[in-house]
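Structure first, then comments.
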Amino acid sequence: MERLRRHAPGARDRRFPPAPRSGPGPGDDGARGGRGARRDRPGRPREGRPLSATALPPRFEPGPIEARWQEAWQRLGTFRAPDRPSAPPFALILPPPNVTGILTIGHMLGDTVMDVLVRRQRARGRAALWLPGTDHAGLSTQVEVRRRLQKEGVDFGALPREEAVARVQAWKDEHEPRIREQIRAGGFSVDWSRYRYTLDPASARATRVAFVALFDAGLLYRGERMVNWDPRLETAISDLEVVHREEETELLYVRYPWADGSPGGIEVATVRPETIFGDVAVAVHPDDERHRAEVGRSVRVPIVDRIVPVITDPSVDPEFGAGALKITPRHDPVDREIFLRHPDLAEPDEIFDPRARLLGPGVPAELRGLGREEARKRTTERLAADGLLLRRERHRHSVARSERSDAVIEPRLSTQWFVRMRPLAEPVEQAVRRGEIRIWPERWRRTFDRWMEELQDWCISRQIVWGHPVPVDYCRACGRTIASVERPTECPGCHGRELAADPDVLDTWFTSWLWPFAALGWPEPTADLARYYPTSVLVTGRDIMFFWVARMMMAGYRFAGARPFSDVYLTGMVRDAEERRMSKHLGNSPDPIAVIRERGADAMRFALVFPNPTDDDGPFGTASLDGGRNFLTKLWNLVRFTVGHLPDGLAPPRAPPSLGPGSLLENRWILARYHRTAGSVDEALEAFQVTRAATDLHGFVWHDLADRYVEIAKEALAGRRGEPARRETEATLAFVLERTLRLLAPFVPHVTEELWHALPHDGELLATAPWPSAAEVAPDPSAETAIAPVLEAIRLFRNLRAEEEVPLDASPAAWIRPAGDDGARLLAAESATIVRLARLGRLELLTPDAPAPPGSASRVAPEAECYLERPATSPRKVDALARERERLASLLAKARSRLGDDGFRHRAPPQVVEEAEAKARELEERIGRIDRHLEEAAKA
RNA sequence: GGGCGCGUGGUCUAGCGGUUAUGACGUCACCCUGACACGGUGAAGGUCGCCAGUUCAAAUCUGGCCGCGCCCA
């Protein structure tokens with residue numbers, strides 16, 4: 001008590017210069033609200049002791065703390081990567097989010113993982129660069145702007161190109177600050193001085209250079225191919241932007257009558273009757289007996305009466321429908337393939353316009369201009385009216401939709417630019433096979449490999465305005481295709497001056513895939529590129545593994561001549577309370593800014609990495625946020641307690657306290673536990689196991705440090721175990737806590753920074769403090785072993801108290817019978833601790849042959865037998881002991897049956913047999929003791 | 001249709017040949033204890049999806065089945 005008073009005010013006065021605390025803010029006195037009212041209830045006067053015993057306010061308020069440190073880090077340039085690093089670099093790029101989008105909690109997960117990795121490496125002395133950026137997200141941004149303008153009554157499609165671009169640009173300018181603010185608010189240690197944007201001039205140059213290089217290498221081609229056409233957005237999209245979903249539709253059985261007028265015809269099953277106008281043939285399987293006689297005959301296409309042949313093709317599935325397939329080569333990829341295998345078939349007419357409305361000479365006039373839905377309905381009606389509709393069936397099948405607009409994809413022949421992927425893929429496949437690029441968690445390797453094997457060419461041209469133009473001109477005179485970095489003024493072939501620029505823009509990913517080097521300055525030979533490429537690790541969501549990660553690898557080898565990163569860490573998807581993936585699309589992600597404002601960035605960050613694994617899909621919600629907040633509050637109070645109990649001017653812990661044989665067991669133990677924790681955190685983070693590291697730290701802080709160590713150490717800190725013990729304990733606590741804050745800093749940087757400044761420490765900022773080495777402390781397994789019986793005794797006495805309903809304010813007498821001499825010495829030495837933590841009146845050691853103290857309840861541990869004086873009112877029951885006996889008996893039965901098995905005795909390793917025997921002996925012995933206790937209890 | 005992955009107390013999860021199966025949340029009981037009720041102490045709760053097999057020994061390895069998810073067509 002006296003000591004507390006002596007030291008606490010001093011502690012309150014301690015200010016470390018770099019702490020930009022601006023004095024107690026609102027709420028700092030903590031004596032408000034329900035809790036304060038309860039605490040100050042009558043009968044418990046609080047006068048006479050310092051209200052706030054520490055430099056830290058009683059209540060943890062993240063808001064002001066986070067704002068203050070973010071500002072300080074920014075002002076001091078803490079996260080600015082060195083221009084001339086003297087240390088080995090550790091670089092990573094922030095996957096550039098959509099510049100006009102809102103970050104989701106999923107982004108925060110990836111960002112937190114990255115921050116943990118990069119802050120640790122920075123602390124380990126690496127030249128750390130975390131490069132932030134944003135993506136122009138061509139299609140999705142244009143779609144968004146188009147939708148907004150539509151609400152204002154402006155038809156985006158009708159705007160001149162320049163104006164359309166200007167509109168999107170305005171939208172981007174308006175939104176860019178918001179996304180930057182979101183990244184900032186999370187406390188992520190990015191280097192803002194290197195911020196890049198995928199549509200800035202340097203990115204434009206990189207994009208053009210890459211395009212021209214591929215073009216010159218013959219890896220680009222332009223041609224009329226079947227592409228995924230989004231009729232709502234009126235552009236081609238890549239395979240990856242298409243999502244397949246099972247949907248219920250109607251399967252129609254239609255009769256195609258014989259051309260020669262003979263009765264009957266061939267029965268064709270289709271889900272797309274409206275494409276009938278594009279039919280060029282009906283195909284059956286060559287081995288299909290049912291149709292053998294029909295091959296070579298001709299049929300009339302219903303409604304239009306065009307005459308087409310019946311052909312054979314092995315790709316027809318004889319099981320589907322009636323085994324006959326109508327062939328519409330312009331609107332189905334499979335049909336296209338079949339068509340190309342039959343050169344004698346007539347070239348089909350186009351039957352849809354770019355919005356997928358029926359069009360063209362082959363379409364009956366009354367159906368022209370109809371959308372697909374309506375066209376299908378009307379065609380079906382016509383077929384029925386003509387008596388050609390044989391039957392209709394419900395049918396589930398996979399429907400391709402545009403990821404962006406949700407429109408049903410119309411496979412369509414159109415002229416587009418493509419990248420030949422096969423040659424680009426090879427170095428990547430090798431790199432992954434050789435382990436030059438590692439994928440974490442490893443289980444995604446297979447998925448990755450398989451996708452690489454089946455790689456399709458990549459359609460990169462888009463019929464939109466927002467993006468980098470395809471850097472190609474066409475000579476009007478000679479028709480030459482000119483791809484060049486600078487726009488040409490004349491045709492290099494015929495010197496014609498009339499050039500037409502390609503009207504399309506490039507897929508956004510065509511810029512993004514260059515990002516690891518383009519963001520560092522490529523194609524210019526910049527200093528950053530030389531120093532920070534290849535980057536170290538890429539962290540991103542699994543959902544863009546193919547879109548982005550795989551393509552970056554290809555681009556890295558192709559353009560930068562090296563892997564873009566050595567490791568890929570794929571995070572899981574964050575789910576909402578209903579288990580749905582959080583996505584911008586669903587709008588079910590809370591705004592990170594709101595979460596941060598309400599709970600703090602640190603709480604959010606911790607909730608994202610603990611307890612659900614960062615590489616698995618998992619829920620995020622108030623429960624996890626509460627967990628994060630609770631942990632931070634625990635930490636806060638732990639430091640607050642510590643600060644209040646350390647003497648003024650205690651030297652910063654430059655080295656662990658040197659503990660000798662006379663040292664307190666708890667001090668040796670907590671150092672040993674710290675050593676173990678620091679080691680396992682390192683091990684976990686080296687293997688990208690962020691959650692394991694967080695879990696270890698959480699358990700260490702809460703259970704070892706707070707629940708056990710501090711509770712035991714209170715006695716020494718209060719000076720009741722002598723001056724040397726107090727000094728040793730102070731030094732140990734100060735050391736362990738300071739190091740623990742450094743280990744926690746990458747996860748929860750703000751609160752740890754704040755707390756660190758309240759403790760004795762070296763250096764200006766926790767954010768730049770070195771990463772602690774576990775090796776600084778020697779392992780001490782004997783301390784860990786020695787403390788176990790003490791903790792177990794405390795647990796059993798507490799257990800007995802609860803069991804026997806001992807009132808809280810009672811201090812019953814207790815007895816303990818140690819199992820051996822070592823145990824006796826140890827328990828004698830630590831008996832004060834046991835007495836205090838179990839709230840005992842006194843604790844006597846019993847000799848092995850001493851009788852059970854009368855009127856006592858007992859429990860039996862391997863190392864000791866514990867007896868507790870029963871209160872007069874105690875319920876007379878021995879359930880716990882009896883239940884324990886039962887449990888041990890079943891274990892013993894299992895152990896005995898194993899030992900009775902000859903196979904086990906002969907084939908198991910001797911060590912295992914010995915262990916089993918020892919265990920059985922121990923169990924027998926313990927059961928024997930329990931039986932004795934039960935007898936005694938029965939007698940009493 | 002093809003491929004990949006996952007099933008562990010009510011929920012989420014660790015463990016991945018020999019452990020008395022880990023932890024978090026939730027539940028129950030007692031408690032405002034000189035850091036913390038966003039807390040403390042104690043307790044209850046699991047035949048590790050099912051069935052075979054391999055093995056002296058299976059939550060852990062193999063096969064089949066069931067259920068769920070993801071990717072690709």
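A note on labels: chains of the structure tokens are A, B, ... as shown, every chain counts residues from 1, and ligands are counted from 1 in their shown order.
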
Residue hits in chain A, query chain B, radius 6 Å, only C-alpha atoms (C1' of nucleotides), as a PyMOL selection string: chain A and resi 630+634+637-638+640-641+799+903-904+907-908

For the residues in the current selection, export N, CA and C atoms as a PDB file, in the first residue's frame.
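Result written to out.pdb:
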ATOM      1  N   ASN A 630     -11.574  -6.677 -26.344  1.00  0.00           N
ATOM      2  CA  ASN A 630     -11.313  -7.225 -25.023  1.00  0.00           C
ATOM      3  C   ASN A 630      -9.820  -7.491 -24.823  1.00  0.00           C
ATOM      4  N   LYS A 634      -7.372  -5.728 -22.164  1.00  0.00           N
ATOM      5  CA  LYS A 634      -6.580  -6.536 -21.242  1.00  0.00           C
ATOM      6  C   LYS A 634      -5.133  -6.062 -21.259  1.00  0.00           C
ATOM      7  N   ASN A 637      -4.716  -2.699 -19.585  1.00  0.00           N
ATOM      8  CA  ASN A 637      -4.738  -2.749 -18.133  1.00  0.00           C
ATOM      9  C   ASN A 637      -3.510  -3.435 -17.558  1.00  0.00           C
ATOM     10  N   LEU A 638      -3.005  -4.377 -18.288  1.00  0.00           N
ATOM     11  CA  LEU A 638      -1.789  -5.051 -17.854  1.00  0.00           C
ATOM     12  C   LEU A 638      -0.639  -4.042 -17.786  1.00  0.00           C
ATOM     13  N   ARG A 640      -1.005  -0.816 -17.629  1.00  0.00           N
ATOM     14  CA  ARG A 640      -1.365   0.186 -16.629  1.00  0.00           C
ATOM     15  C   ARG A 640      -0.957  -0.294 -15.229  1.00  0.00           C
ATOM     16  N   PHE A 641      -1.242  -1.528 -14.964  1.00  0.00           N
ATOM     17  CA  PHE A 641      -0.839  -2.108 -13.685  1.00  0.00           C
ATOM     18  C   PHE A 641       0.681  -2.046 -13.530  1.00  0.00           C
ATOM     19  N   ASN A 799     -10.712 -25.228  -6.893  1.00  0.00           N
ATOM     20  CA  ASN A 799     -11.729 -26.188  -7.285  1.00  0.00           C
ATOM     21  C   ASN A 799     -12.492 -26.685  -6.052  1.00  0.00           C
ATOM     22  N   GLY A 903       1.251 -58.058 -29.226  1.00  0.00           N
ATOM     23  CA  GLY A 903       1.667 -57.311 -30.413  1.00  0.00           C
ATOM     24  C   GLY A 903       2.274 -55.980 -30.022  1.00  0.00           C
ATOM     25  N   PHE A 904       1.609 -55.310 -29.084  1.00  0.00           N
ATOM     26  CA  PHE A 904       2.095 -54.012 -28.651  1.00  0.00           C
ATOM     27  C   PHE A 904       3.462 -54.164 -27.982  1.00  0.00           C
ATOM     28  N   ARG A 907       6.086 -55.126 -30.804  1.00  0.00           N
ATOM     29  CA  ARG A 907       6.321 -54.317 -32.007  1.00  0.00           C
ATOM     30  C   ARG A 907       6.436 -52.826 -31.770  1.00  0.00           C
ATOM     31  N   ALA A 908       5.856 -52.362 -30.683  1.00  0.00           N
ATOM     32  CA  ALA A 908       5.969 -50.916 -30.444  1.00  0.00           C
ATOM     33  C   ALA A 908       7.378 -50.606 -29.972  1.00  0.00           C
TER      34      ALA A 908
END

Just the alpha helix (DSSP H) stuff from segment 172-289 of chain A, please, per backbone DSSP, written as a PyMOL selection string. chain A and resi 172-185+201-216

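Residues surrounding segment 45-49 of chain B within 12 Å are C6, G7, U8, G9, G10, G15, C16, A21, G26, U27, C28, A58, A59, U60, C65, C66, G67 and C68 of chain B [only C-alpha atoms (C1' of nucleotides); sequence separation below 3 positions excluded].
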
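From atom CA of Phe418 of chain A back to atom CA of Arg222 of chain A, the distance works out to 6.1 Å.
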
Grab the atom CA of Val539 of chain A to atom CA of Ser589 of chain A distance for me, in Å with one decimal place.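 Atom CA of Ser589 of chain A lies at a distance of 19.9 Å from atom CA of Val539 of chain A.
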
May I have the residues within 7 Å of Thr134 of chain A as a list in words, using only C-alpha atoms (C1' of nucleotides) and disregarding those fewer than 3 positions away in the same chain? Pro96, Pro97, Asn98, Val99, Arg196, Tyr197 and Thr198 of chain A

Save the residues we just selected, N, CA and C atoms, as a PDB file, in the first residue's frame?
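result.pdb, freshly written:
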ATOM      1  N   PRO A  96      -3.537  -3.112 -55.844  1.00  0.00           N
ATOM      2  CA  PRO A  96      -4.239  -1.833 -55.982  1.00  0.00           C
ATOM      3  C   PRO A  96      -5.751  -2.003 -56.034  1.00  0.00           C
ATOM      4  N   PRO A  97      -6.458  -1.466 -55.066  1.00  0.00           N
ATOM      5  CA  PRO A  97      -7.916  -1.559 -55.105  1.00  0.00           C
ATOM      6  C   PRO A  97      -8.491  -0.601 -56.142  1.00  0.00           C
ATOM      7  N   ASN A  98      -9.698  -0.863 -56.519  1.00  0.00           N
ATOM      8  CA  ASN A  98     -10.431  -0.005 -57.442  1.00  0.00           C
ATOM      9  C   ASN A  98     -10.485   1.411 -56.888  1.00  0.00           C
ATOM     10  N   VAL A  99      -9.970   2.344 -57.670  1.00  0.00           N
ATOM     11  CA  VAL A  99      -9.823   3.721 -57.182  1.00  0.00           C
ATOM     12  C   VAL A  99     -11.163   4.363 -56.817  1.00  0.00           C
ATOM     13  N   ARG A 196       1.114   4.958 -56.450  1.00  0.00           N
ATOM     14  CA  ARG A 196       0.954   4.910 -57.905  1.00  0.00           C
ATOM     15  C   ARG A 196      -0.492   4.568 -58.277  1.00  0.00           C
ATOM     16  N   TYR A 197      -0.792   4.873 -59.521  1.00  0.00           N
ATOM     17  CA  TYR A 197      -2.145   4.687 -60.032  1.00  0.00           C
ATOM     18  C   TYR A 197      -2.026   4.040 -61.402  1.00  0.00           C
ATOM     19  N   THR A 198      -2.846   3.060 -61.684  1.00  0.00           N
ATOM     20  CA  THR A 198      -2.643   2.280 -62.914  1.00  0.00           C
ATOM     21  C   THR A 198      -2.931   3.054 -64.200  1.00  0.00           C
TER      22      THR A 198
END

Residue neighbourhood Ala501 of chain A, 8 Å, only C-alpha atoms (C1' of nucleotides), exclusion window fewer than 6 positions, as a PDB file with all heavy atoms, in the first residue's frame:
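File written: result_2.pdb
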ATOM      1  N   PRO A 471      -2.540   0.220 -78.140  1.00  0.00           N
ATOM      2  CA  PRO A 471      -1.550   1.085 -78.802  1.00  0.00           C
ATOM      3  C   PRO A 471      -1.261   0.640 -80.235  1.00  0.00           C
ATOM      4  O   PRO A 471      -0.140   0.314 -80.577  1.00  0.00           O
ATOM      5  CB  PRO A 471      -0.316   0.951 -77.913  1.00  0.00           C
ATOM      6  CG  PRO A 471      -0.431  -0.399 -77.290  1.00  0.00           C
ATOM      7  CD  PRO A 471      -1.896  -0.712 -77.190  1.00  0.00           C
ATOM      8  N   VAL A 472      -2.321   0.668 -81.017  1.00  0.00           N
ATOM      9  CA  VAL A 472      -2.209   0.156 -82.381  1.00  0.00           C
ATOM     10  C   VAL A 472      -2.905   1.119 -83.343  1.00  0.00           C
ATOM     11  O   VAL A 472      -3.944   1.675 -83.021  1.00  0.00           O
ATOM     12  CB  VAL A 472      -2.852  -1.247 -82.476  1.00  0.00           C
ATOM     13  CG1 VAL A 472      -3.077  -1.649 -83.926  1.00  0.00           C
ATOM     14  CG2 VAL A 472      -1.979  -2.284 -81.783  1.00  0.00           C
ATOM     15  N   ASP A 473      -2.267   1.312 -84.491  1.00  0.00           N
ATOM     16  CA  ASP A 473      -2.902   2.071 -85.568  1.00  0.00           C
ATOM     17  C   ASP A 473      -2.945   1.197 -86.812  1.00  0.00           C
ATOM     18  O   ASP A 473      -2.114   0.304 -86.988  1.00  0.00           O
ATOM     19  CB  ASP A 473      -2.086   3.339 -85.863  1.00  0.00           C
ATOM     20  CG  ASP A 473      -2.248   4.359 -84.762  1.00  0.00           C
ATOM     21  OD1 ASP A 473      -1.558   4.216 -83.704  1.00  0.00           O
ATOM     22  OD2 ASP A 473      -3.073   5.267 -84.923  1.00  0.00           O
ATOM     23  N   TYR A 474      -3.925   1.475 -87.649  1.00  0.00           N
ATOM     24  CA  TYR A 474      -4.054   0.735 -88.901  1.00  0.00           C
ATOM     25  C   TYR A 474      -3.879   1.707 -90.044  1.00  0.00           C
ATOM     26  O   TYR A 474      -4.474   2.784 -90.051  1.00  0.00           O
ATOM     27  CB  TYR A 474      -5.427   0.062 -88.981  1.00  0.00           C
ATOM     28  CG  TYR A 474      -5.699  -0.793 -87.770  1.00  0.00           C
ATOM     29  CD1 TYR A 474      -6.457  -0.293 -86.707  1.00  0.00           C
ATOM     30  CD2 TYR A 474      -5.171  -2.086 -87.657  1.00  0.00           C
ATOM     31  CE1 TYR A 474      -6.696  -1.058 -85.576  1.00  0.00           C
ATOM     32  CE2 TYR A 474      -5.406  -2.849 -86.529  1.00  0.00           C
ATOM     33  CZ  TYR A 474      -6.170  -2.336 -85.492  1.00  0.00           C
ATOM     34  OH  TYR A 474      -6.379  -3.085 -84.375  1.00  0.00           O
TER      35      TYR A 474
END

Do you know which residues are at most 12 Å from segment 149-157 of chain A counting only C-alpha atoms (C1' of nucleotides), after dropping those on the same chain fewer than 2 positions away, and could you put them as a PyMOL selection string? chain A and resi 142-147+159-168+171+232-234+463-466

Please identify the strand (DSSP E) residues within segment 371-604 of chain A (assignment by DSSP from backbone atoms) and present them as number ranges by chain. A: 389-402, 410-419, 438-440, 458-459, 461-462, 472-475, 481-483, 499-501, 505-506, 535-541, 565-571, 574-575

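Relative to atom CA of Arg551 of chain A, atom CA of Val118 of chain A is found at 23.7 Å.
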
Excluding same-chain residues fewer than 4 positions from Ser658 of chain A, what lies within 12 Å of it counting only C-alpha atoms (C1' of nucleotides), as a compact mmCIF listing (two decimals) with all heavy atoms, in the first residue's frame?
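Generated output (part19.txt):
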# COMPACT_ATOMS: atom_id res chain seq x y z
N PRO A 653 14.81 -1.96 -20.36
CA PRO A 653 15.33 -3.33 -20.32
C PRO A 653 16.17 -3.65 -21.54
O PRO A 653 15.67 -4.14 -22.53
CB PRO A 653 14.06 -4.17 -20.28
CG PRO A 653 13.02 -3.32 -20.92
CD PRO A 653 13.40 -1.90 -20.69
N ARG A 654 17.47 -3.38 -21.46
CA ARG A 654 18.33 -3.64 -22.62
C ARG A 654 18.64 -5.11 -22.75
O ARG A 654 18.92 -5.59 -23.84
CB ARG A 654 19.62 -2.85 -22.49
CG ARG A 654 19.32 -1.37 -22.40
CD ARG A 654 20.45 -0.45 -22.76
NE ARG A 654 19.85 0.87 -22.84
CZ ARG A 654 19.88 1.75 -21.83
NH1 ARG A 654 20.51 1.48 -20.71
NH2 ARG A 654 19.25 2.91 -21.96
N GLY A 662 18.94 -18.27 -6.71
CA GLY A 662 18.10 -17.72 -5.67
C GLY A 662 16.90 -16.95 -6.20
O GLY A 662 16.16 -16.35 -5.44
N SER A 663 16.73 -16.98 -7.50
CA SER A 663 15.68 -16.17 -8.10
C SER A 663 14.31 -16.75 -7.85
O SER A 663 14.16 -17.94 -7.57
CB SER A 663 15.91 -16.06 -9.59
OG SER A 663 17.06 -15.32 -9.84
N LEU A 664 13.33 -15.90 -8.02
CA LEU A 664 11.95 -16.33 -7.85
C LEU A 664 11.55 -17.25 -9.01
O LEU A 664 11.84 -16.97 -10.16
CB LEU A 664 11.02 -15.11 -7.84
CG LEU A 664 10.65 -14.53 -6.48
CD1 LEU A 664 11.81 -14.56 -5.50
CD2 LEU A 664 10.08 -13.14 -6.62
N ASN A 667 9.60 -15.68 -11.83
CA ASN A 667 10.38 -14.88 -12.78
C ASN A 667 11.10 -15.77 -13.79
O ASN A 667 11.12 -15.46 -14.99
CB ASN A 667 11.37 -13.99 -12.03
CG ASN A 667 10.66 -12.85 -11.30
OD1 ASN A 667 9.53 -12.48 -11.67
ND2 ASN A 667 11.28 -12.32 -10.27
N ARG A 668 11.66 -16.84 -13.29
CA ARG A 668 12.31 -17.77 -14.22
C ARG A 668 11.28 -18.33 -15.20
O ARG A 668 11.53 -18.46 -16.39
CB ARG A 668 12.95 -18.92 -13.44
CG ARG A 668 14.20 -18.51 -12.67
CD ARG A 668 14.72 -19.67 -11.86
NE ARG A 668 14.91 -20.86 -12.69
CZ ARG A 668 14.79 -22.11 -12.23
NH1 ARG A 668 14.48 -22.33 -10.97
NH2 ARG A 668 14.97 -23.12 -13.04
N LEU A 671 10.03 -15.81 -17.94
CA LEU A 671 11.06 -15.61 -18.96
C LEU A 671 11.12 -16.82 -19.90
O LEU A 671 11.27 -16.68 -21.11
CB LEU A 671 12.43 -15.40 -18.32
CG LEU A 671 12.70 -13.98 -17.79
CD1 LEU A 671 14.04 -13.93 -17.07
CD2 LEU A 671 12.68 -12.96 -18.93
N ARG A 727 13.08 -6.08 -6.70
CA ARG A 727 13.84 -5.52 -7.83
C ARG A 727 13.90 -6.50 -9.00
O ARG A 727 13.72 -6.12 -10.15
CB ARG A 727 15.25 -5.14 -7.38
CG ARG A 727 15.29 -3.75 -6.73
CD ARG A 727 16.70 -3.22 -6.69
NE ARG A 727 17.59 -4.09 -5.93
CZ ARG A 727 17.74 -4.02 -4.59
NH1 ARG A 727 17.06 -3.12 -3.90
NH2 ARG A 727 18.55 -4.84 -3.98
N GLU A 728 14.10 -7.74 -8.68
CA GLU A 728 14.17 -8.76 -9.73
C GLU A 728 12.83 -8.87 -10.47
O GLU A 728 12.77 -8.97 -11.69
CB GLU A 728 14.51 -10.10 -9.10
CG GLU A 728 14.56 -11.24 -10.09
CD GLU A 728 14.74 -12.57 -9.38
OE1 GLU A 728 15.84 -12.83 -8.89
OE2 GLU A 728 13.74 -13.32 -9.30
N THR A 729 11.76 -8.82 -9.72
CA THR A 729 10.44 -8.94 -10.32
C THR A 729 10.11 -7.72 -11.18
O THR A 729 9.57 -7.84 -12.27
CB THR A 729 9.40 -9.14 -9.22
OG1 THR A 729 9.76 -10.29 -8.45
CG2 THR A 729 8.00 -9.33 -9.80
N ALA A 731 12.24 -5.87 -12.72
CA ALA A 731 13.05 -5.95 -13.93
C ALA A 731 12.46 -6.98 -14.89
O ALA A 731 12.41 -6.78 -16.11
CB ALA A 731 14.48 -6.30 -13.57
N THR A 732 12.00 -8.10 -14.33
CA THR A 732 11.46 -9.15 -15.18
C THR A 732 10.18 -8.70 -15.87
O THR A 732 10.01 -8.86 -17.07
CB THR A 732 11.18 -10.41 -14.33
OG1 THR A 732 12.37 -10.79 -13.65
CG2 THR A 732 10.70 -11.55 -15.20
N PHE A 735 10.91 -6.12 -18.50
CA PHE A 735 11.52 -6.72 -19.68
C PHE A 735 10.50 -7.47 -20.52
O PHE A 735 10.36 -7.24 -21.72
CB PHE A 735 12.63 -7.68 -19.24
CG PHE A 735 13.18 -8.50 -20.38
CD1 PHE A 735 14.15 -7.98 -21.22
CD2 PHE A 735 12.70 -9.79 -20.63
CE1 PHE A 735 14.64 -8.71 -22.28
CE2 PHE A 735 13.19 -10.52 -21.70
CZ PHE A 735 14.16 -10.00 -22.52
N GLU A 776 17.64 -14.08 -27.07
CA GLU A 776 18.09 -13.18 -26.02
C GLU A 776 17.91 -13.83 -24.64
O GLU A 776 18.63 -13.53 -23.69
CB GLU A 776 17.22 -11.93 -26.14
CG GLU A 776 17.66 -10.74 -25.40
CD GLU A 776 16.66 -9.60 -25.61
OE1 GLU A 776 15.53 -9.86 -26.12
OE2 GLU A 776 16.97 -8.48 -25.26
N VAL A 777 16.89 -14.67 -24.54
CA VAL A 777 16.59 -15.32 -23.28
C VAL A 777 16.88 -16.81 -23.44
O VAL A 777 16.54 -17.39 -24.46
CB VAL A 777 15.10 -15.13 -22.93
CG1 VAL A 777 14.75 -15.88 -21.65
CG2 VAL A 777 14.77 -13.67 -22.80
N ALA A 778 17.49 -17.39 -22.43
CA ALA A 778 17.78 -18.82 -22.52
C ALA A 778 16.53 -19.62 -22.18
O ALA A 778 15.74 -19.20 -21.34
CB ALA A 778 18.90 -19.18 -21.55

Go through segment 773-886 of chain A and flag each residue having an atom no more than 12 Å from segment 688-711 of chain A; for those, report the closest pair of atoms plus their distance in Å to one decimal, using only C-alpha atoms, ordered by chain and rising number, as JSON lines.
{"residue": "A:Glu784", "atom": "CA", "partner": "A:Asp704", "partner_atom": "CA", "distance": 11.4}
{"residue": "A:Ile787", "atom": "CA", "partner": "A:Arg708", "partner_atom": "CA", "distance": 10.6}
{"residue": "A:Ala788", "atom": "CA", "partner": "A:Arg708", "partner_atom": "CA", "distance": 11.4}
{"residue": "A:Val790", "atom": "CA", "partner": "A:Arg708", "partner_atom": "CA", "distance": 10.9}
{"residue": "A:Leu791", "atom": "CA", "partner": "A:Arg708", "partner_atom": "CA", "distance": 8.4}
{"residue": "A:Glu792", "atom": "CA", "partner": "A:Arg708", "partner_atom": "CA", "distance": 11.7}
{"residue": "A:Ile794", "atom": "CA", "partner": "A:Arg708", "partner_atom": "CA", "distance": 10.5}
{"residue": "A:Arg795", "atom": "CA", "partner": "A:Arg708", "partner_atom": "CA", "distance": 11.2}
{"residue": "A:Thr833", "atom": "CA", "partner": "A:Glu711", "partner_atom": "CA", "distance": 9.2}
{"residue": "A:Ile834", "atom": "CA", "partner": "A:Glu711", "partner_atom": "CA", "distance": 10.9}
{"residue": "A:Arg836", "atom": "CA", "partner": "A:Glu711", "partner_atom": "CA", "distance": 9.4}
{"residue": "A:Leu837", "atom": "CA", "partner": "A:Glu711", "partner_atom": "CA", "distance": 7.5}
{"residue": "A:Ala838", "atom": "CA", "partner": "A:Glu711", "partner_atom": "CA", "distance": 11.1}
